[in-house]
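What follows is one structure encoded as structure tokens, with my remarks underneath.
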Amino acid sequence: MLIEHSETILAVRDLTASVNGIPILNGLNLEVKAGEVHAIMGRNGSGKSTFSKVLAGHPDYEVTGGTLTYLGQDLLGMAPEQRAQAGLFLAFQYPLEIPGVSNLDFLRLACNSRRRYLGLSELDPLDFDDFIQAKLEIVEIDPAFLQRSVNEGFSGGEKKRNEILQMALLEPRLGVLDEIDSGLDIDALRIVAKGVNTLASPQNSTIVITHYQRLLDYILPDYVHVMEAGKITITGDRSLALELEERGYAWTEDAPEPLEIA
Amino acid sequence: MSSPVSTLVNQPYKYGFVTDIESDTIPRGLSEDVIRLISAKKQEPEFLLEFRLRAYRQWLQMSPPTWQSVTYPPINYQDIIYYSAPKQVAKKKGLEEVDPELLSTFEKLGIPLSEQKRLANVAVDAIFDSVSVATTFKEKLAEQGVIFCSISEAVREYPDLIKKYLGTVVPSADNYYAALNSAVFTDGSFVYIPRDTVCPMELSTYFRINNGDTGQFERTLIVADCGSQVSYLEGCTAPMYDTNQLHAAVVELVALDHAQIKYSTVQNWYAGDAQGRGGIYNFVTKRGLCQGVNSKISWTQVETGSAITWKYPSCVLVGEGSVGEFYSVALTNHYQQADTGTKMVHVGPNTRSTIVSKGISAGHSRNSYRGLVKMGPKARGARNYSQCDSMLIGHEAQANTFPYIQVQHPQARVEHEASTSKIGEDQLFYFQQRGIPLEEAVSLMISGFCRDVFNQLPMEFAVEADRLLGLKLEGSVG
């Protein structure tokens with residue numbers, strides 16, 4: 001939703017970043033305000049996932065220039081866990097399996113680290129049990145699933161739903177969903193999208209990274225950006241996504257930068 | 001390796017200090033004369049000197065084992081000091097006579113010995129270099145007929161028990177290091193639990209190597225008479241030196257009919273520095289004999305220290321229906337090497353054994369599980385279950401599993417399961433992205449991995465073990 005004069009959640013200016021010395025992001029600019037949903041599309045290797053990792057502070061990704069401002073704070077000076085505690089959430093394209101650590105313990109620790117940051121009281125195991133029940137319904141997850149090890153032996157759809165469950169628990173200001181639709185059948189996609197939409201609010205914003213316009217039938221973006229060679233080359237509204245689907249990414253290459261289609 | 005994980009400061013070894021104390025130390029080197037000298041210093045009866053000399057002569061004929069998956073330069077046995085004792089410490093009547101320097105050493109190690117401060121329900125035998133300096137709660141235990149004292153004292157006070165059991169589980173020529181130990185052992189603990197007695201408190205021995213050139217050769221013997229039960233815990237630390245020190249201990253356990261012995265170890269010898277300099281060579285023979293019917297011996301070990309660990313706490317299951325258990329966590333970091341595991345020798349019918357081994361290797365370390373399960377010709381209906389899991393941290397660490405299985409009875413059953421997993425940078429990043437800091441992430445994963453073993457430790461030590469592993473791994477991921 002577009003809200004006038006709303007707070008800037010994320011401001012990215014001329015961001016450059018590399019992995020193992022190879023430049024991937026080449027001057028990326030983006031501004032995300034409270035209440036907005038942004039979709040970033042682009043083909044493989046255009047730098048979409050790199051951008052999400054840089055936002056979250058993955059140690060393998062080195063920022064070589066530009067600025068990243070989140071809620072007025074310099075993100076680059078913050079450790080990954082500090083970014084998370086401050087409400088920056090990344091739903092992983094490939095959520096990791098953590099054998100031996102129960103999903104319930106993991107979720108409670110994560111939730112309490114965020115609550116500490118917000119100055120809220122921490123939840124003990126009993127309180128947390130009550131707290132999580134309502135959240136489970138959002139993503140239609142069976143409570144038995146909490147007793148298993150984190151993501152271990154989960155199906156692709158279960159892993160993605162677990163990501164959205166975490167998002168529901170952490171109530172982030174900025175949710176970055178990296179290819180949340182990959183590997184999902186249509187029913188799982190619907191559940192995941194419903195979860196994302198339920199959690200949307202005028203205070204929060206979402207960045208959806210995807211290849212396919214299909215997801216955008218369920219999660220309606222306010223802006224669609226096309227990424228090419230490490231920067232955003234075209235920005236438009238939902239119709240841009242439909243056009244991409246029809247014409248493929250090839251036509252965007254001819255576009256002079258940065259093209260605004262509104 | 002530029003990740004923030006590797007920049008986490010490595011927790012320095014907390015117990016690396018040296019106590020400045022005057023010692024009675026004999027010259028370096030080993031000979032029959034040295035053995036006679038040790039025996040004389042300890043005022044031992046003739047039978048024990050004979051035992052030592054026989055072992056020494058056998059040792060001279062033996063050569064060090066080479067089958068283990070560890071490498072180190074040959075040890076010069078003539079360069080080791082075989083006896084070093086803090087002066088004026090012999091035959092203390094009460095703690096008030098013990099050198100305050102020693103008391104404060106143990107207090108620093110978290111083992112307060114004084115009346116007011118000592119652990120409420122744990123009796124402690126504190127061993128410093130070659131001698132036992134104090135044993136707490138002796139009188140209280142004696143009320144129940146439980147004997148808990150240093151082995152030197154037991155040799156003098158209870159020679160019949162020593163004569164009857166010493167060397168019966170680990171014969172003096174059992175292996176190279178056991179033979180060496182039998183020749184030169186200096187101190188250790190002795191426990192005897194009388195018939196039908198449940199030992200009223202945890203018994204614990206704390207070993208401290210202080211002198212830089214001294215080898216520690218302790219000897220522990222625990223005898224649980226028919227229907228008795230005891231839980232025993234062993235802890236160990238050493239100062240940091242650039243040179244390697246040898247620790248070659250022998251532990252013998254005997255369980256008679258229906259008796260139960262639970263033996264737990266939290267081993268935190270100095271492991272050497274991050275480049276692999278210094279540290280203890282921990283070459284230890286531990287074996288329990290389930291002699292009686294339905295007897296039970298359970299080993300739990302948390303091995304975190306030592307430059308090299310060579311250790312296989314074993315059970316010989318003779319009595320019908322006897323039970324052997326081995327629960328182990330072995331953690332290696334930097335250049336540590338561990339070759340550890342167990343032997344379960346099923347002699348009698350319907351004997352059962354369980355092996356749960358968790359190996360964690362980080363840095364450039366090498367961590368091997370080596371285990372033997374043997375079902376003898378009379379082991380009708382015997383069963384074993386083994387589970388060996390390895391966890392790798394980083395890219396340079398090594399984990400090996402060497403299970404040996406010998407079955408000589410058609411109705412014996414052996415099961416073996418194994419797995420290998422890895423703590424990856426990405427898993428840790430996943431935790432961090434959920435607001436959970438690195439240290440907490442590593443320790444959560446490690447405790448999850450080790451839970452089956454930690455559950456076997458006495459409560460307060462389980463918490464300690466959990467914390468210890470967390471500390472040892474700081475800075476190891478990257």
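Ordering of the structure tokens sets the chain letters (A, B, ...); residue numbers start at 1 within each chain; ligands are numbered from 1 in the order shown.
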Inset, instruction - Return the neighbours of chain B among the residues of chain A, cut-off 9 Å, counting only C-alpha atoms, as a ChimeraX atom specification. - result: /A:56-60,79-86,88-90,92,95-102,106-107,109-114,166,170
Step one, run DSSP on the backbone; step two, keep only residues of stretch 150-184 of chain B assigned to helix (DSSP H, G or I); then write them as a PDB file with all heavy atoms, in the first residue's frame.
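So the final result, stored in out21.pdb, reads:
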```pdb
ATOM      1  N   ILE B 151      45.484 -44.021  46.625  1.00  0.00           N
ATOM      2  CA  ILE B 151      45.878 -45.421  46.478  1.00  0.00           C
ATOM      3  C   ILE B 151      47.119 -45.710  47.323  1.00  0.00           C
ATOM      4  O   ILE B 151      47.288 -46.829  47.816  1.00  0.00           O
ATOM      5  CB  ILE B 151      46.048 -45.807  44.995  1.00  0.00           C
ATOM      6  CG1 ILE B 151      45.945 -47.325  44.849  1.00  0.00           C
ATOM      7  CG2 ILE B 151      47.352 -45.297  44.418  1.00  0.00           C
ATOM      8  CD1 ILE B 151      45.254 -47.784  43.628  1.00  0.00           C
ATOM      9  N   SER B 152      47.960 -44.690  47.544  1.00  0.00           N
ATOM     10  CA  SER B 152      49.140 -44.894  48.389  1.00  0.00           C
ATOM     11  C   SER B 152      48.716 -45.275  49.791  1.00  0.00           C
ATOM     12  O   SER B 152      49.296 -46.158  50.429  1.00  0.00           O
ATOM     13  CB  SER B 152      49.973 -43.618  48.472  1.00  0.00           C
ATOM     14  OG  SER B 152      50.219 -43.118  47.189  1.00  0.00           O
ATOM     15  N   GLU B 153      47.698 -44.567  50.269  1.00  0.00           N
ATOM     16  CA  GLU B 153      47.201 -44.854  51.608  1.00  0.00           C
ATOM     17  C   GLU B 153      46.573 -46.249  51.658  1.00  0.00           C
ATOM     18  O   GLU B 153      46.773 -47.001  52.603  1.00  0.00           O
ATOM     19  CB  GLU B 153      46.168 -43.789  51.977  1.00  0.00           C
ATOM     20  CG  GLU B 153      45.775 -43.798  53.424  1.00  0.00           C
ATOM     21  CD  GLU B 153      44.769 -42.690  53.736  1.00  0.00           C
ATOM     22  OE1 GLU B 153      44.786 -41.653  53.034  1.00  0.00           O
ATOM     23  OE2 GLU B 153      43.974 -42.882  54.663  1.00  0.00           O
ATOM     24  N   ALA B 154      45.853 -46.574  50.584  1.00  0.00           N
ATOM     25  CA  ALA B 154      45.198 -47.876  50.539  1.00  0.00           C
ATOM     26  C   ALA B 154      46.229 -49.002  50.565  1.00  0.00           C
ATOM     27  O   ALA B 154      46.016 -50.042  51.195  1.00  0.00           O
ATOM     28  CB  ALA B 154      44.327 -47.983  49.290  1.00  0.00           C
ATOM     29  N   VAL B 155      47.353 -48.783  49.885  1.00  0.00           N
ATOM     30  CA  VAL B 155      48.408 -49.798  49.867  1.00  0.00           C
ATOM     31  C   VAL B 155      48.874 -50.077  51.294  1.00  0.00           C
ATOM     32  O   VAL B 155      49.138 -51.216  51.669  1.00  0.00           O
ATOM     33  CB  VAL B 155      49.581 -49.318  48.979  1.00  0.00           C
ATOM     34  CG1 VAL B 155      50.822 -50.168  49.224  1.00  0.00           C
ATOM     35  CG2 VAL B 155      49.183 -49.335  47.515  1.00  0.00           C
ATOM     36  N   ARG B 156      48.961 -49.016  52.108  1.00  0.00           N
ATOM     37  CA  ARG B 156      49.414 -49.197  53.490  1.00  0.00           C
ATOM     38  C   ARG B 156      48.302 -49.706  54.399  1.00  0.00           C
ATOM     39  O   ARG B 156      48.517 -50.576  55.237  1.00  0.00           O
ATOM     40  CB  ARG B 156      49.952 -47.867  54.031  1.00  0.00           C
ATOM     41  CG  ARG B 156      51.232 -47.403  53.341  1.00  0.00           C
ATOM     42  CD  ARG B 156      51.837 -46.194  54.048  1.00  0.00           C
ATOM     43  NE  ARG B 156      50.944 -45.044  54.075  1.00  0.00           N
ATOM     44  CZ  ARG B 156      50.956 -44.068  53.150  1.00  0.00           C
ATOM     45  NH1 ARG B 156      51.803 -44.126  52.136  1.00  0.00           N
ATOM     46  NH2 ARG B 156      50.124 -43.063  53.227  1.00  0.00           N
ATOM     47  N   GLU B 157      47.090 -49.152  54.212  1.00  0.00           N
ATOM     48  CA  GLU B 157      46.001 -49.461  55.148  1.00  0.00           C
ATOM     49  C   GLU B 157      45.196 -50.712  54.769  1.00  0.00           C
ATOM     50  O   GLU B 157      44.641 -51.371  55.634  1.00  0.00           O
ATOM     51  CB  GLU B 157      45.031 -48.272  55.245  1.00  0.00           C
ATOM     52  CG  GLU B 157      45.687 -46.936  55.558  1.00  0.00           C
ATOM     53  CD  GLU B 157      46.138 -46.846  57.007  1.00  0.00           C
ATOM     54  OE1 GLU B 157      45.448 -47.426  57.868  1.00  0.00           O
ATOM     55  OE2 GLU B 157      47.186 -46.212  57.268  1.00  0.00           O
ATOM     56  N   PRO B 159      46.147 -53.446  52.460  1.00  0.00           N
ATOM     57  CA  PRO B 159      46.972 -54.193  51.499  1.00  0.00           C
ATOM     58  C   PRO B 159      46.267 -55.421  50.924  1.00  0.00           C
ATOM     59  O   PRO B 159      46.505 -55.784  49.776  1.00  0.00           O
ATOM     60  CB  PRO B 159      48.206 -54.584  52.320  1.00  0.00           C
ATOM     61  CG  PRO B 159      47.812 -54.435  53.748  1.00  0.00           C
ATOM     62  CD  PRO B 159      46.745 -53.400  53.798  1.00  0.00           C
ATOM     63  N   ASP B 160      45.371 -56.032  51.708  1.00  0.00           N
ATOM     64  CA  ASP B 160      44.712 -57.244  51.209  1.00  0.00           C
ATOM     65  C   ASP B 160      43.824 -56.950  50.007  1.00  0.00           C
ATOM     66  O   ASP B 160      43.805 -57.707  49.041  1.00  0.00           O
ATOM     67  CB  ASP B 160      43.880 -57.903  52.323  1.00  0.00           C
ATOM     68  CG  ASP B 160      44.787 -58.430  53.439  1.00  0.00           C
ATOM     69  OD1 ASP B 160      46.015 -58.544  53.172  1.00  0.00           O
ATOM     70  OD2 ASP B 160      44.279 -58.698  54.537  1.00  0.00           O
ATOM     71  N   LEU B 161      43.074 -55.849  50.105  1.00  0.00           N
ATOM     72  CA  LEU B 161      42.201 -55.474  48.989  1.00  0.00           C
ATOM     73  C   LEU B 161      43.038 -55.147  47.750  1.00  0.00           C
ATOM     74  O   LEU B 161      42.700 -55.522  46.632  1.00  0.00           O
ATOM     75  CB  LEU B 161      41.336 -54.266  49.374  1.00  0.00           C
ATOM     76  CG  LEU B 161      40.140 -54.556  50.273  1.00  0.00           C
ATOM     77  CD1 LEU B 161      39.488 -53.257  50.747  1.00  0.00           C
ATOM     78  CD2 LEU B 161      39.120 -55.426  49.546  1.00  0.00           C
ATOM     79  N   ILE B 162      44.120 -54.411  47.975  1.00  0.00           N
ATOM     80  CA  ILE B 162      44.980 -54.022  46.849  1.00  0.00           C
ATOM     81  C   ILE B 162      45.581 -55.270  46.203  1.00  0.00           C
ATOM     82  O   ILE B 162      45.567 -55.428  44.977  1.00  0.00           O
ATOM     83  CB  ILE B 162      46.108 -53.078  47.328  1.00  0.00           C
ATOM     84  CG1 ILE B 162      45.509 -51.787  47.891  1.00  0.00           C
ATOM     85  CG2 ILE B 162      47.092 -52.770  46.207  1.00  0.00           C
ATOM     86  CD1 ILE B 162      44.833 -50.900  46.876  1.00  0.00           C
ATOM     87  N   LYS B 163      46.080 -56.154  47.050  1.00  0.00           N
ATOM     88  CA  LYS B 163      46.699 -57.386  46.557  1.00  0.00           C
ATOM     89  C   LYS B 163      45.698 -58.197  45.746  1.00  0.00           C
ATOM     90  O   LYS B 163      46.020 -58.772  44.707  1.00  0.00           O
ATOM     91  CB  LYS B 163      47.157 -58.223  47.758  1.00  0.00           C
ATOM     92  CG  LYS B 163      48.576 -58.745  47.648  1.00  0.00           C
ATOM     93  CD  LYS B 163      48.899 -59.425  48.970  1.00  0.00           C
ATOM     94  CE  LYS B 163      50.327 -59.931  48.993  1.00  0.00           C
ATOM     95  NZ  LYS B 163      50.728 -60.300  50.348  1.00  0.00           N
ATOM     96  N   LYS B 164      44.448 -58.190  46.226  1.00  0.00           N
ATOM     97  CA  LYS B 164      43.427 -59.022  45.599  1.00  0.00           C
ATOM     98  C   LYS B 164      43.014 -58.475  44.233  1.00  0.00           C
ATOM     99  O   LYS B 164      42.726 -59.234  43.322  1.00  0.00           O
ATOM    100  CB  LYS B 164      42.206 -59.090  46.526  1.00  0.00           C
ATOM    101  CG  LYS B 164      41.116 -60.028  46.031  1.00  0.00           C
ATOM    102  CD  LYS B 164      40.078 -60.279  47.124  1.00  0.00           C
ATOM    103  CE  LYS B 164      38.939 -61.128  46.580  1.00  0.00           C
ATOM    104  NZ  LYS B 164      37.809 -61.156  47.508  1.00  0.00           N
ATOM    105  N   TYR B 165      42.973 -57.140  44.089  1.00  0.00           N
ATOM    106  CA  TYR B 165      42.373 -56.576  42.880  1.00  0.00           C
ATOM    107  C   TYR B 165      43.335 -55.836  41.946  1.00  0.00           C
ATOM    108  O   TYR B 165      43.065 -55.728  40.760  1.00  0.00           O
ATOM    109  CB  TYR B 165      41.228 -55.623  43.248  1.00  0.00           C
ATOM    110  CG  TYR B 165      40.036 -56.335  43.826  1.00  0.00           C
ATOM    111  CD1 TYR B 165      39.709 -56.239  45.174  1.00  0.00           C
ATOM    112  CD2 TYR B 165      39.225 -57.133  42.994  1.00  0.00           C
ATOM    113  CE1 TYR B 165      38.608 -56.902  45.695  1.00  0.00           C
ATOM    114  CE2 TYR B 165      38.128 -57.799  43.509  1.00  0.00           C
ATOM    115  CZ  TYR B 165      37.816 -57.680  44.873  1.00  0.00           C
ATOM    116  OH  TYR B 165      36.733 -58.337  45.375  1.00  0.00           O
ATOM    117  N   TYR B 176      51.729 -51.103  26.340  1.00  0.00           N
ATOM    118  CA  TYR B 176      52.952 -50.356  26.627  1.00  0.00           C
ATOM    119  C   TYR B 176      52.769 -49.337  27.756  1.00  0.00           C
ATOM    120  O   TYR B 176      53.552 -49.290  28.704  1.00  0.00           O
ATOM    121  CB  TYR B 176      53.381 -49.657  25.340  1.00  0.00           C
ATOM    122  CG  TYR B 176      54.730 -49.012  25.390  1.00  0.00           C
ATOM    123  CD1 TYR B 176      55.882 -49.786  25.277  1.00  0.00           C
ATOM    124  CD2 TYR B 176      54.854 -47.638  25.525  1.00  0.00           C
ATOM    125  CE1 TYR B 176      57.137 -49.193  25.294  1.00  0.00           C
ATOM    126  CE2 TYR B 176      56.105 -47.035  25.550  1.00  0.00           C
ATOM    127  CZ  TYR B 176      57.244 -47.817  25.434  1.00  0.00           C
ATOM    128  OH  TYR B 176      58.467 -47.224  25.453  1.00  0.00           O
ATOM    129  N   TYR B 177      51.710 -48.547  27.654  1.00  0.00           N
ATOM    130  CA  TYR B 177      51.534 -47.475  28.643  1.00  0.00           C
ATOM    131  C   TYR B 177      51.032 -48.017  29.975  1.00  0.00           C
ATOM    132  O   TYR B 177      51.356 -47.475  31.037  1.00  0.00           O
ATOM    133  CB  TYR B 177      50.591 -46.396  28.102  1.00  0.00           C
ATOM    134  CG  TYR B 177      51.113 -45.816  26.810  1.00  0.00           C
ATOM    135  CD1 TYR B 177      50.468 -46.059  25.603  1.00  0.00           C
ATOM    136  CD2 TYR B 177      52.290 -45.068  26.793  1.00  0.00           C
ATOM    137  CE1 TYR B 177      50.973 -45.558  24.409  1.00  0.00           C
ATOM    138  CE2 TYR B 177      52.804 -44.563  25.607  1.00  0.00           C
ATOM    139  CZ  TYR B 177      52.146 -44.817  24.420  1.00  0.00           C
ATOM    140  OH  TYR B 177      52.649 -44.342  23.250  1.00  0.00           O
ATOM    141  N   ALA B 178      50.232 -49.094  29.926  1.00  0.00           N
ATOM    142  CA  ALA B 178      49.782 -49.709  31.176  1.00  0.00           C
ATOM    143  C   ALA B 178      50.973 -50.316  31.909  1.00  0.00           C
ATOM    144  O   ALA B 178      51.060 -50.257  33.141  1.00  0.00           O
ATOM    145  CB  ALA B 178      48.723 -50.767  30.882  1.00  0.00           C
ATOM    146  N   ALA B 179      51.905 -50.892  31.155  1.00  0.00           N
ATOM    147  CA  ALA B 179      53.101 -51.470  31.781  1.00  0.00           C
ATOM    148  C   ALA B 179      53.938 -50.364  32.426  1.00  0.00           C
ATOM    149  O   ALA B 179      54.416 -50.502  33.559  1.00  0.00           O
ATOM    150  CB  ALA B 179      53.924 -52.224  30.748  1.00  0.00           C
ATOM    151  N   LEU B 180      54.085 -49.259  31.697  1.00  0.00           N
ATOM    152  CA  LEU B 180      54.837 -48.128  32.247  1.00  0.00           C
ATOM    153  C   LEU B 180      54.174 -47.627  33.531  1.00  0.00           C
ATOM    154  O   LEU B 180      54.826 -47.410  34.550  1.00  0.00           O
ATOM    155  CB  LEU B 180      54.908 -47.004  31.203  1.00  0.00           C
ATOM    156  CG  LEU B 180      55.636 -45.734  31.632  1.00  0.00           C
ATOM    157  CD1 LEU B 180      57.113 -46.032  31.904  1.00  0.00           C
ATOM    158  CD2 LEU B 180      55.517 -44.649  30.552  1.00  0.00           C
ATOM    159  N   ASN B 181      52.859 -47.490  33.467  1.00  0.00           N
ATOM    160  CA  ASN B 181      52.124 -47.029  34.642  1.00  0.00           C
ATOM    161  C   ASN B 181      52.318 -47.992  35.810  1.00  0.00           C
ATOM    162  O   ASN B 181      52.574 -47.565  36.942  1.00  0.00           O
ATOM    163  CB  ASN B 181      50.637 -46.876  34.302  1.00  0.00           C
ATOM    164  CG  ASN B 181      49.806 -46.544  35.529  1.00  0.00           C
ATOM    165  OD1 ASN B 181      49.551 -47.390  36.371  1.00  0.00           O
ATOM    166  ND2 ASN B 181      49.397 -45.279  35.651  1.00  0.00           N
ATOM    167  N   SER B 182      52.201 -49.280  35.536  1.00  0.00           N
ATOM    168  CA  SER B 182      52.327 -50.268  36.615  1.00  0.00           C
ATOM    169  C   SER B 182      53.700 -50.175  37.281  1.00  0.00           C
ATOM    170  O   SER B 182      53.842 -50.429  38.469  1.00  0.00           O
ATOM    171  CB  SER B 182      52.105 -51.682  36.071  1.00  0.00           C
ATOM    172  OG  SER B 182      50.826 -51.776  35.502  1.00  0.00           O
ATOM    173  N   ALA B 183      54.705 -49.809  36.509  1.00  0.00           N
ATOM    174  CA  ALA B 183      56.049 -49.703  37.061  1.00  0.00           C
ATOM    175  C   ALA B 183      56.218 -48.443  37.907  1.00  0.00           C
ATOM    176  O   ALA B 183      56.875 -48.473  38.940  1.00  0.00           O
ATOM    177  CB  ALA B 183      57.074 -49.719  35.935  1.00  0.00           C
ATOM    178  N   VAL B 184      55.637 -47.350  37.480  1.00  0.00           N
ATOM    179  CA  VAL B 184      55.980 -46.072  38.121  1.00  0.00           C
ATOM    180  C   VAL B 184      54.802 -45.314  38.729  1.00  0.00           C
ATOM    181  O   VAL B 184      54.960 -44.171  39.134  1.00  0.00           O
ATOM    182  CB  VAL B 184      56.700 -45.130  37.117  1.00  0.00           C
ATOM    183  CG1 VAL B 184      57.961 -45.784  36.577  1.00  0.00           C
ATOM    184  CG2 VAL B 184      55.766 -44.719  35.985  1.00  0.00           C
TER     185      VAL B 184
END
```
As a PDB file with N, CA, C and O atoms, in the first residue's frame, please: the residues near A:Ala11 (cut-off 8 Å, only C-alpha atoms, same-chain neighbours under 5 positions excluded).
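Dumped to result03.pdb:
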```pdb
ATOM      1  N   ASN A  29      20.387   1.417  -6.423  1.00  0.00           N
ATOM      2  CA  ASN A  29      19.631   2.434  -5.691  1.00  0.00           C
ATOM      3  C   ASN A  29      18.215   1.936  -5.457  1.00  0.00           C
ATOM      4  O   ASN A  29      17.595   1.375  -6.363  1.00  0.00           O
ATOM      5  N   LEU A  30      17.727   2.163  -4.232  1.00  0.00           N
ATOM      6  CA  LEU A  30      16.371   1.715  -3.913  1.00  0.00           C
ATOM      7  C   LEU A  30      15.903   2.419  -2.653  1.00  0.00           C
ATOM      8  O   LEU A  30      16.669   2.614  -1.706  1.00  0.00           O
ATOM      9  N   GLU A  31      14.642   2.811  -2.668  1.00  0.00           N
ATOM     10  CA  GLU A  31      14.082   3.369  -1.447  1.00  0.00           C
ATOM     11  C   GLU A  31      12.773   2.657  -1.151  1.00  0.00           C
ATOM     12  O   GLU A  31      11.914   2.511  -2.013  1.00  0.00           O
ATOM     13  N   VAL A  32      12.645   2.199   0.082  1.00  0.00           N
ATOM     14  CA  VAL A  32      11.448   1.462   0.493  1.00  0.00           C
ATOM     15  C   VAL A  32      10.835   2.187   1.685  1.00  0.00           C
ATOM     16  O   VAL A  32      11.515   2.452   2.677  1.00  0.00           O
ATOM     17  N   THR A  67      25.920   3.401   0.311  1.00  0.00           N
ATOM     18  CA  THR A  67      25.388   3.383   1.676  1.00  0.00           C
ATOM     19  C   THR A  67      24.125   2.539   1.757  1.00  0.00           C
ATOM     20  O   THR A  67      23.398   2.369   0.783  1.00  0.00           O
ATOM     21  N   LEU A  68      23.911   2.023   2.959  1.00  0.00           N
ATOM     22  CA  LEU A  68      22.718   1.227   3.272  1.00  0.00           C
ATOM     23  C   LEU A  68      22.162   1.793   4.570  1.00  0.00           C
ATOM     24  O   LEU A  68      22.813   1.694   5.615  1.00  0.00           O
ATOM     25  N   THR A  69      20.995   2.413   4.477  1.00  0.00           N
ATOM     26  CA  THR A  69      20.426   2.996   5.684  1.00  0.00           C
ATOM     27  C   THR A  69      19.101   2.321   5.992  1.00  0.00           C
ATOM     28  O   THR A  69      18.236   2.213   5.120  1.00  0.00           O
ATOM     29  N   TYR A  70      18.988   1.858   7.222  1.00  0.00           N
ATOM     30  CA  TYR A  70      17.770   1.164   7.646  1.00  0.00           C
ATOM     31  C   TYR A  70      17.217   1.882   8.872  1.00  0.00           C
ATOM     32  O   TYR A  70      17.929   2.004   9.881  1.00  0.00           O
TER      33      TYR A  70
END
```
Legend entry - Atomic separation - atom CA of B:Met391 relative to atom CA of B:Glu417, Å: 14.5 Å
Legend entry - Atom pair atom CA of B:Leu221 / atom CA of B:Glu107: separation (Å):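 Between atom CA of B:Leu221 and atom CA of B:Glu107 the gap is 25.6 Å.
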Legend entry - Shell of 12 Å around A:Lys159, only C-alpha atoms, local chain residues under 6 positions omitted, as an MDAnalysis selection string: chainID A and resid 91:98 103 139 141 145 149:153 165:166 180:184 188 192
Inset, instruction - Give the answer as one residue: which of A:Gln73, A:Asn197, A:Thr64, A:Ser46 has the shortest atom-to-atom distance to A:Tyr249, using only C-alpha atoms? - result: A:Ser46
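Residue nearest A:Met41, chosen from A:Ser18, A:Asn26, A:Gln213, A:Gln133 and counting only C-alpha atoms: A:Gln213.
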Legend entry - stretch 84-295 of chain B: residues DSSP assigns to strand (DSSP E), reported as an MDAnalysis selection string: chainID B and resid 84:86 122:128 131:135 147:150 189:193 202:208 219:224 229:237 244:247 250:255 260:267 279:290
Inset, instruction - Tell me which protein, DNA and RNA residues are within 9 Å of A:Glu228, counting only C-alpha atoms, leaving out same-chain ones fewer than 4 positions away, and put them as JSON, numbers by chain. - result: {"A": [41, 42, 43, 45, 46, 47, 48, 232, 233, 234, 252, 253]}
